[in-house]
Structure formats: C-alpha cells, structure tokens
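The next block is model38.cif, given as mmCIF, C-alpha atoms and all ligand atoms.
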```cif
data_input
#
loop_
_atom_site.group_PDB
_atom_site.id
_atom_site.type_symbol
_atom_site.label_atom_id
_atom_site.label_comp_id
_atom_site.auth_asym_id
_atom_site.auth_seq_id
_atom_site.Cartn_x
_atom_site.Cartn_y
_atom_site.Cartn_z
ATOM 1 C CA MET P 362 110.037 -5.564 160.019
ATOM 2 C CA ARG P 363 109.677 -1.972 158.856
ATOM 3 C CA SER P 364 106.171 -1.316 157.537
ATOM 4 C CA PRO P 365 106.465 0.505 154.218
ATOM 5 C CA LEU P 366 102.763 1.306 154.045
ATOM 6 C CA ALA P 367 102.006 4.874 155.025
ATOM 7 C CA GLY P 368 98.941 6.659 156.264
ATOM 8 C CA GLY P 369 96.905 4.097 158.132
ATOM 9 C CA THR P 370 96.898 1.490 155.418
ATOM 10 C CA ALA P 371 98.999 -0.986 157.379
ATOM 11 C CA GLY P 372 98.216 -4.436 156.118
ATOM 12 C CA ALA P 373 96.626 -3.189 152.911
ATOM 13 C CA ALA P 374 97.785 -5.138 149.890
ATOM 14 C CA LEU P 375 99.729 -3.477 147.126
ATOM 15 C CA PRO P 376 97.945 -3.437 143.761
ATOM 16 C CA GLU P 377 97.920 -6.728 141.892
ATOM 17 C CA GLY P 378 101.159 -7.253 140.009
ATOM 18 C CA VAL P 379 103.315 -5.128 142.344
ATOM 19 C CA ALA P 380 106.012 -6.934 144.326
ATOM 20 C CA LEU P 381 107.952 -4.993 146.960
ATOM 21 C CA HIS P 382 111.267 -6.546 147.954
ATOM 22 C CA ASP P 383 111.717 -4.533 151.117
ATOM 23 C CA GLY P 384 115.410 -4.067 151.949
ATOM 24 C CA LEU P 385 116.561 -6.574 149.334
ATOM 25 C CA LEU P 386 119.959 -4.879 148.941
ATOM 26 C CA ASP P 387 121.966 -4.659 152.146
ATOM 27 C CA ARG P 388 124.330 -1.747 152.798
ATOM 28 C CA ALA P 389 127.301 -3.459 151.115
ATOM 29 C CA ALA P 390 125.250 -4.200 147.999
ATOM 30 C CA GLN P 391 123.933 -0.621 147.943
ATOM 31 C CA GLU P 392 127.503 0.696 148.076
ATOM 32 C CA ARG P 393 128.625 -1.588 145.252
ATOM 33 C CA LEU P 394 125.662 -0.549 143.127
ATOM 34 C CA LEU P 395 126.278 3.123 143.915
ATOM 35 C CA GLY P 396 129.894 2.694 142.738
ATOM 36 C CA ALA P 397 128.656 1.301 139.429
ATOM 37 C CA ILE P 398 126.180 4.186 139.064
ATOM 38 C CA ARG P 399 128.896 6.747 139.808
ATOM 39 C CA ALA P 400 130.854 5.255 136.886
ATOM 40 C CA VAL P 401 127.761 5.552 134.666
ATOM 41 C CA VAL P 402 127.263 9.208 135.672
ATOM 42 C CA ALA P 403 130.952 9.972 135.029
ATOM 43 C CA GLU P 404 130.476 8.792 131.433
ATOM 44 C CA ALA P 405 126.886 10.036 130.958
ATOM 45 C CA PRO P 406 126.338 13.109 133.172
ATOM 46 C CA LEU P 407 123.040 13.850 134.895
ATOM 47 C CA TYR P 408 121.114 16.565 133.080
ATOM 48 C CA ARG P 409 117.762 18.244 133.591
ATOM 49 C CA PRO P 410 115.149 17.194 131.025
ATOM 50 C CA GLU P 411 112.369 19.546 129.882
ATOM 51 C CA MET P 412 108.645 18.961 129.547
ATOM 52 C CA PRO P 413 107.210 18.413 126.106
ATOM 53 C CA ARG P 414 105.755 21.600 124.475
ATOM 54 C CA THR P 415 106.337 23.960 127.428
ATOM 55 C CA GLY P 416 110.048 23.304 127.976
ATOM 56 C CA LYS P 417 109.482 23.530 131.742
ATOM 57 C CA PRO P 418 112.497 21.904 133.448
ATOM 58 C CA PHE P 419 112.009 18.733 135.503
ATOM 59 C CA SER P 420 112.905 18.917 139.182
ATOM 60 C CA VAL P 421 114.464 15.448 138.812
ATOM 61 C CA ARG P 422 117.835 15.153 137.052
ATOM 62 C CA MET P 423 118.343 12.138 134.799
ATOM 63 C CA THR P 424 120.698 10.026 132.787
ATOM 64 C CA ASN P 425 120.544 6.472 131.406
ATOM 65 C CA CYS P 426 122.537 3.376 130.753
ATOM 66 C CA GLY P 427 121.707 0.615 128.299
ATOM 67 C CA SER P 428 121.257 0.457 124.548
ATOM 68 C CA LEU P 429 118.324 2.877 124.836
ATOM 69 C CA GLY P 430 117.637 5.759 127.189
ATOM 70 C CA TRP P 431 114.437 7.623 128.019
ATOM 71 C CA VAL P 432 114.561 11.345 127.227
ATOM 72 C CA SER P 433 112.124 14.255 127.311
ATOM 73 C CA ASP P 434 112.396 17.609 125.574
ATOM 74 C CA ARG P 435 110.119 20.123 123.846
ATOM 75 C CA SER P 436 109.400 17.672 121.036
ATOM 76 C CA GLY P 437 108.190 14.913 123.376
ATOM 77 C CA TYR P 438 109.093 11.765 125.272
ATOM 78 C CA ARG P 439 111.037 9.015 123.535
ATOM 79 C CA TYR P 440 113.780 6.398 123.780
ATOM 80 C CA GLN P 441 117.043 7.073 121.967
ATOM 81 C CA ALA P 442 120.538 5.538 121.839
ATOM 82 C CA ILE P 443 122.411 8.823 122.368
ATOM 83 C CA HIS P 444 122.841 11.106 125.404
ATOM 84 C CA PRO P 445 121.168 14.400 124.411
ATOM 85 C CA VAL P 446 123.941 16.572 125.894
ATOM 86 C CA THR P 447 127.149 14.643 125.169
ATOM 87 C CA GLY P 448 126.034 13.076 121.862
ATOM 88 C CA ARG P 449 127.620 9.796 122.955
ATOM 89 C CA PRO P 450 125.947 6.387 123.373
ATOM 90 C CA TRP P 451 124.738 5.535 126.881
ATOM 91 C CA PRO P 452 127.151 3.332 128.892
ATOM 92 C CA PRO P 453 126.174 -0.313 129.451
ATOM 93 C CA ILE P 454 123.840 -1.401 132.260
ATOM 94 C CA PRO P 455 125.924 -2.553 135.282
ATOM 95 C CA GLU P 456 126.085 -6.320 135.641
ATOM 96 C CA MET P 457 124.560 -6.187 139.131
ATOM 97 C CA LEU P 458 121.361 -4.737 137.679
ATOM 98 C CA LEU P 459 121.238 -7.266 134.855
ATOM 99 C CA ASP P 460 121.551 -10.014 137.501
ATOM 100 C CA LEU P 461 118.712 -8.505 139.559
ATOM 101 C CA TRP P 462 116.495 -8.402 136.463
ATOM 102 C CA GLN P 463 117.300 -12.003 135.659
ATOM 103 C CA GLN P 464 116.453 -13.067 139.204
ATOM 104 C CA LEU P 465 113.261 -11.054 139.699
ATOM 105 C CA ALA P 466 111.658 -10.240 136.357
ATOM 106 C CA ILE P 467 109.809 -13.266 135.098
ATOM 107 C CA TYR P 468 110.680 -12.346 131.537
ATOM 108 C CA PRO P 469 113.072 -14.101 129.139
ATOM 109 C CA HIS P 470 114.873 -11.115 127.558
ATOM 110 C CA PRO P 471 117.287 -8.573 129.032
ATOM 111 C CA PRO P 472 116.303 -4.974 129.807
ATOM 112 C CA GLU P 473 117.361 -2.361 127.241
ATOM 113 C CA ALA P 474 117.058 0.817 129.287
ATOM 114 C CA CYS P 475 118.036 1.816 132.798
ATOM 115 C CA LEU P 476 116.811 5.296 133.657
ATOM 116 C CA VAL P 477 118.790 6.917 136.485
ATOM 117 C CA ASN P 478 116.727 9.538 138.346
ATOM 118 C CA TYR P 479 118.349 11.820 140.931
ATOM 119 C CA TYR P 480 116.111 13.628 143.418
ATOM 120 C CA ASP P 481 117.407 16.389 145.667
ATOM 121 C CA GLY P 482 115.338 17.324 148.723
ATOM 122 C CA GLU P 483 112.870 19.371 146.669
ATOM 123 C CA ALA P 484 112.450 17.136 143.621
ATOM 124 C CA ARG P 485 109.170 15.357 142.856
ATOM 125 C CA MET P 486 107.631 13.344 140.079
ATOM 126 C CA GLY P 487 103.949 13.845 139.270
ATOM 127 C CA LEU P 488 101.525 10.978 138.719
ATOM 128 C CA HIS P 489 102.022 9.434 135.286
ATOM 129 C CA ARG P 490 102.041 6.115 133.461
ATOM 130 C CA ASP P 491 105.081 4.608 131.732
ATOM 131 C CA GLU P 492 103.727 4.056 128.243
ATOM 132 C CA ASP P 493 106.596 4.885 125.902
ATOM 133 C CA GLU P 494 107.658 1.228 125.681
ATOM 134 C CA ALA P 495 106.398 -0.966 122.834
ATOM 135 C CA GLU P 496 106.880 -4.089 124.970
ATOM 136 C CA ARG P 497 104.195 -4.191 127.657
ATOM 137 C CA ALA P 498 104.640 -7.855 128.544
ATOM 138 C CA ALA P 499 107.880 -7.096 130.405
ATOM 139 C CA PRO P 500 107.727 -5.821 133.977
ATOM 140 C CA VAL P 501 109.423 -2.622 135.165
ATOM 141 C CA LEU P 502 111.995 -3.054 137.931
ATOM 142 C CA SER P 503 112.875 -0.156 140.233
ATOM 143 C CA VAL P 504 115.715 0.139 142.774
ATOM 144 C CA SER P 505 115.872 2.934 145.377
ATOM 145 C CA LEU P 506 119.145 4.268 146.832
ATOM 146 C CA GLY P 507 119.700 7.067 149.336
ATOM 147 C CA ASP P 508 117.019 9.061 151.137
ATOM 148 C CA ASP P 509 113.535 7.666 151.716
ATOM 149 C CA CYS P 510 110.644 8.893 149.613
ATOM 150 C CA ARG P 511 106.886 8.739 149.572
ATOM 151 C CA PHE P 512 105.966 6.818 146.444
ATOM 152 C CA ARG P 513 102.338 6.938 145.229
ATOM 153 C CA ILE P 514 100.642 4.255 143.196
ATOM 154 C CA GLY P 515 97.101 4.107 141.805
ATOM 155 C CA GLY P 516 95.265 2.100 139.221
ATOM 156 C CA THR P 517 95.290 2.253 135.457
ATOM 157 C CA GLU P 518 92.733 5.096 135.268
ATOM 158 C CA ARG P 519 93.617 8.700 136.037
ATOM 159 C CA GLY P 520 91.640 10.024 139.001
ATOM 160 C CA GLY P 521 91.168 6.650 140.690
ATOM 161 C CA PRO P 522 92.187 5.853 144.266
ATOM 162 C CA THR P 523 95.887 5.854 145.122
ATOM 163 C CA ARG P 524 97.952 4.722 148.069
ATOM 164 C CA SER P 525 101.386 5.698 149.264
ATOM 165 C CA VAL P 526 104.343 3.532 150.165
ATOM 166 C CA ARG P 527 107.480 4.748 151.896
ATOM 167 C CA LEU P 528 110.526 3.509 149.996
ATOM 168 C CA ALA P 529 113.983 3.247 151.538
ATOM 169 C CA SER P 530 117.488 2.652 150.256
ATOM 170 C CA GLY P 531 117.880 -0.924 149.041
ATOM 171 C CA ASP P 532 114.184 -1.477 148.316
ATOM 172 C CA VAL P 533 113.380 -3.115 144.988
ATOM 173 C CA LEU P 534 109.945 -2.932 143.354
ATOM 174 C CA LEU P 535 108.648 -4.938 140.444
ATOM 175 C CA PHE P 536 105.618 -3.791 138.445
ATOM 176 C CA GLY P 537 104.170 -6.433 136.199
ATOM 177 C CA GLY P 538 100.901 -7.697 134.817
ATOM 178 C CA PRO P 539 97.987 -5.360 135.575
ATOM 179 C CA SER P 540 100.222 -2.885 137.431
ATOM 180 C CA ARG P 541 102.483 -2.302 134.431
ATOM 181 C CA LEU P 542 100.302 0.604 133.306
ATOM 182 C CA ALA P 543 99.371 1.890 136.774
ATOM 183 C CA TYR P 544 99.666 5.595 137.586
ATOM 184 C CA HIS P 545 102.566 6.340 139.920
ATOM 185 C CA GLY P 546 104.757 9.173 141.128
ATOM 186 C CA VAL P 547 107.019 10.456 143.893
ATOM 187 C CA ASP P 548 105.302 12.892 146.304
ATOM 188 C CA ARG P 549 108.409 13.876 148.201
ATOM 189 C CA VAL P 550 111.848 12.895 149.424
ATOM 190 C CA TYR P 551 112.669 12.835 153.154
ATOM 191 C CA PRO P 552 116.064 14.578 153.429
ATOM 192 C CA GLY P 553 118.579 13.191 155.898
ATOM 193 C CA THR P 554 117.037 9.713 156.154
ATOM 194 C CA SER P 555 119.998 7.847 154.618
ATOM 195 C CA THR P 556 123.771 8.158 154.883
ATOM 196 C CA LEU P 557 124.461 6.372 151.580
ATOM 197 C CA LEU P 558 124.877 9.536 149.467
ATOM 198 C CA GLU P 559 127.329 11.980 151.082
ATOM 199 C CA ARG P 560 125.410 14.987 149.751
ATOM 200 C CA GLY P 561 121.990 13.447 150.391
ATOM 201 C CA GLY P 562 119.149 12.952 147.946
ATOM 202 C CA ARG P 563 117.638 9.885 146.348
ATOM 203 C CA ILE P 564 118.580 7.845 143.294
ATOM 204 C CA ASN P 565 116.036 5.636 141.555
ATOM 205 C CA LEU P 566 117.044 3.154 138.898
ATOM 206 C CA THR P 567 114.320 1.916 136.560
ATOM 207 C CA LEU P 568 115.017 -1.064 134.319
ATOM 208 C CA ARG P 569 112.803 -1.514 131.273
ATOM 209 C CA ARG P 570 112.444 -3.592 128.158
ATOM 210 C CA VAL P 571 111.526 -1.138 125.395
ATOM 211 C CA THR P 572 111.271 -3.042 122.102
ATOM 212 C CA ARG P 573 109.316 -6.201 121.475
ATOM 213 C CA PRO P 574 111.753 -9.066 120.963
ATOM 214 C CA GLY P 575 111.709 -10.076 117.302
HETATM 215 C C1 LIG R 1 104.660 1.595 138.480
HETATM 216 N N1 LIG R 1 110.278 6.849 138.549
HETATM 217 O O1 LIG R 1 111.104 7.200 136.012
HETATM 218 S S1 LIG R 1 110.165 4.175 139.955
HETATM 219 C C2 LIG R 1 109.919 6.932 136.169
HETATM 220 O O2 LIG R 1 111.085 6.712 141.916
HETATM 221 C C3 LIG R 1 109.396 6.787 137.551
HETATM 222 O O3 LIG R 1 112.007 7.708 140.237
HETATM 223 C C4 LIG R 1 109.881 6.825 139.916
HETATM 224 O O4 LIG R 1 108.238 6.647 137.726
HETATM 225 C C5 LIG R 1 111.087 7.084 140.763
HETATM 226 O O5 LIG R 1 109.112 6.756 135.257
HETATM 227 C C6 LIG R 1 109.223 5.594 140.285
HETATM 228 C C7 LIG R 1 108.917 3.050 140.155
HETATM 229 C C8 LIG R 1 108.067 2.756 138.977
HETATM 230 C C9 LIG R 1 108.564 2.693 137.710
HETATM 231 C C10 LIG R 1 107.744 2.257 136.693
HETATM 232 C C11 LIG R 1 106.440 1.881 136.935
HETATM 233 C C12 LIG R 1 106.779 2.428 139.229
HETATM 234 C C13 LIG R 1 105.957 1.976 138.213
HETATM 235 C C14 LIG R 1 105.599 1.390 135.916
HETATM 236 C C15 LIG R 1 104.335 0.990 136.208
HETATM 237 C C16 LIG R 1 103.847 1.111 137.483
HETATM 238 FE FE FE R 2 107.299 6.143 135.869
#
```
Represent the supplied structure as structure tokens.
Amino acid sequence: MRSPLAGGTAGAALPEGVALHDGLLDRAAQERLLGAIRAVVAEAPLYRPEMPRTGKPFSVRMTNCGSLGWVSDRSGYRYQAIHPVTGRPWPPIPEMLLDLWQQLAIYPHPPEACLVNYYDGEARMGLHRDEDEAERAAPVLSVSLGDDCRFRIGGTERGGPTRSVRLASGDVLLFGGPSRLAYHGVDRVYPGTSTLLERGGRINLTLRRVTRPG
C-alpha cells in the first residue's frame, strides 16, 4: 500500500479525528466525479477570489455547488447563495458527493456547500482554519482529484507542530471532532503525477455543513 505520510513520519498517526480513505475512489469513479464537476464548472465558472482587505488574488481558482458557497473578497470571507461573477445560484451538489457524505460523515444532515478548488502547478493554500461555518458538529469531507499534493495539517493552535501527508487522486479525507478546527493548508502540487486532468493540476472538493439544523 502506498504510504501517504511524508518526511520520515511513516507510521505516525494522523491527528485525532482525521480519517484518510486512501484511494477510496478508483479511476472509473474519479472519471465519473470529474464529469459531474465539469458540469458544475460549466454552469458556475471558476474564478479567482481576492483576500479580505488587501484584494490580493488567490493562487487557487474556485467555484461552488450547493445551496451555499464560500466566497472571499475585499469585504471578507462568507457563505452566500449566489456566484459572485455570474449572479446566479450555485448548481446542486452532484449526487455522488451526497452519497459519499452519507456513507462517511457520521452526521444526520446533508452538506450545504461544496467548495471546488482548482490548483495549477504553482498554486498553494496557506495554513488556515475553516471557521466560517456556524455548525461545528459536522465534519468536513475532502476529495482530491488530479495531481498529487503535499497537504499540511497541524493542531488547533497557530504555531504548533504540523505534519505533511501526500494526497493523490481518489483520496478522501474526513475531518471531525477535535480536528474540525485544525490548521491545514496545501504546500505544493506535484505537476505531472496524474493523468486524470488533460491539462494537469489538482481539484479539491470540500463538503461542509454551514448552518446549524433548526
Ligand atoms: C482540516 N482546502 O478549501 S481540503 C479549503 O486541498 C481547504 O483544497 C484544501 O483547506 C485543499 O478550506 C484542503 C482538506 C481540508 C478541508 C477542511 C478542513 C482539511 C481540513 C477542516 C479542518 C481540518
Ligand atoms: Fe480549509
């Protein structure tokens, strides 16, 4: 079995609450999911968000599906129902992803947001916590497609120890319990490590429950 743990940490446990489903989606499943994501992107194009205050563009391009989508611009981070460029509602979350959530997330309500991140060979995501969701009892589910990346995960305090995990196409990660508010980021993408995307790069899908079920 491929060891996803990088940098001499072979055998080290992932932080409590993190479950890595290494290679859960086989090539056929990855292709089906990619087809569904292409349909999402046709309706809700990828765009480049900007950092709050400074307006500095992200290196990652993004779009969403679901009743709510995560956006960032000069006024801040938030969830909203409307694509900031097209002004249209986000398309629905593909059924395959809803099924994955139902199978893996030990949580009785559906996800509301699926953030679609596209990384080219130079894109990165700095260490951060996902804390724009009112519902913290739900896990976050992440699916990787395309080129491998080096994913970094730490604890809930900034400046604490971190470890890196190499993620490949078809890997699914679940962050629940104490890891829900862990710092994490993407150090780099490894170009040319997957043939799934004709033009290369990496897609990450992040499913989240945003609102607290009433
Ligand atoms: C760990 N995306 O969009 S997904 C993000 O690969 C984001 O695109 C990364 O971080 C990516 O916010 C990582 C994995 C992930 C998502 C949410 C988490 C890891 C997490 C929440 C808590 C802890
Ligand atoms: Fe995140």
task: Give the residue list for ligand FE 2 (chain R) at 8 Å, counting only C-alpha atoms and all ligand atoms, as a VMD selection string, sorted by chain and then by residue number.
output: chain P and resid 489 to 491 544 to 546
query: atom O2 of ligand LIG 1 (chain R) to CA of Arg573 in chain P: how many Å, to one decimal?
result: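 Here the two named atoms are 24.2 Å from each other.
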- request: Produce as a count of residues only the set of residues near ligand LIG 1 (chain R), where near means within 6 Å with all atoms listed in the file considered.
  value: 14
Identify, on the basis of only C-alpha atoms, every residue whose closest approach to Tyr408 in chain P does not exceed 10 Å; exclude the query and any residue fewer than 3 positions from it along the same chain; express the result as a compact mmCIF listing (two decimals) with C-alpha atoms, in the coordinates of the input.
```txt
# COMPACT_ATOMS: atom_id res chain seq x y z
CA VAL P 402 127.26 9.21 135.67
CA ALA P 405 126.89 10.04 130.96
CA GLU P 411 112.37 19.55 129.88
CA PHE P 419 112.01 18.73 135.50
CA VAL P 421 114.46 15.45 138.81
CA ARG P 422 117.84 15.15 137.05
CA MET P 423 118.34 12.14 134.80
CA THR P 424 120.70 10.03 132.79
CA HIS P 444 122.84 11.11 125.40
CA PRO P 445 121.17 14.40 124.41
CA VAL P 446 123.94 16.57 125.89
CA ASN P 478 116.73 9.54 138.35
CA TYR P 479 118.35 11.82 140.93
```
task: Report the distance between CA of His382 in chain P and CA of Val533 in chain P in Å, rounded to one decimal place.
output: 5.0 Å
message: When you count all atoms listed in the file, which of these residues is closest to Ile443 in chain P: P:Glu559, P:Ala466, P:Leu461, P:Ala474?
response: P:Ala474
field: Shell of 6 Å around range 383-393 of chain P, all atoms listed in the file, local chain residues under 2 positions omitted, as a PyMOL selection string
entry: chain P and resi 381+395-396+531-532
- prompt: Using only C-alpha atoms, which residues sit within 8 Å of Cys510 in chain P once same-chain residues fewer than 5 positions away are excluded, as a ChimeraX atom specification?
  reply: /P:527-529,547-551,563
task: Find the distance between CA of Arg439 in chain P and CA of Pro469 in chain P and write it in Å to one decimal.
output: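 Straight-line distance from CA of Arg439 in chain P to CA of Pro469 in chain P works out to 23.9 Å.
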message: Neighbouring residues of Leu558 in chain P were defined as those with any atom within 9 Å, considering all atoms listed in the file; residues of the same chain fewer than 6 positions away were excluded. Please report them as a count of residues only.
response: 5
field: Option closest in space to Pro410 in chain P, from P:Thr523, P:Thr517, P:Asn425, P:Ser433 [counting only C-alpha atoms]
entry: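 Looking at the shortest contact to Pro410 in chain P, the residue is P:Ser433.
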- request: Specify as a VMD selection string each residue included when the PyMOL selection byres (((chain P and resi 483) around 8) and not hetatm) is applied to this file.
  value: chain P and resid 420 480 to 482 484 to 485 549 to 550
- request: Kindly indicate which residue among P:Leu429, P:Leu407, P:Tyr468, P:Pro418 lies nearest to Pro574 in chain P, using only C-alpha atoms for the distances.
  value: P:Tyr468
task: Tell me which residues the PyMOL selection byres (((chain P and resi 435) around 7) and not hetatm) grabs here, as a ChimeraX atom specification.
output: /P:411-416,434,436-437
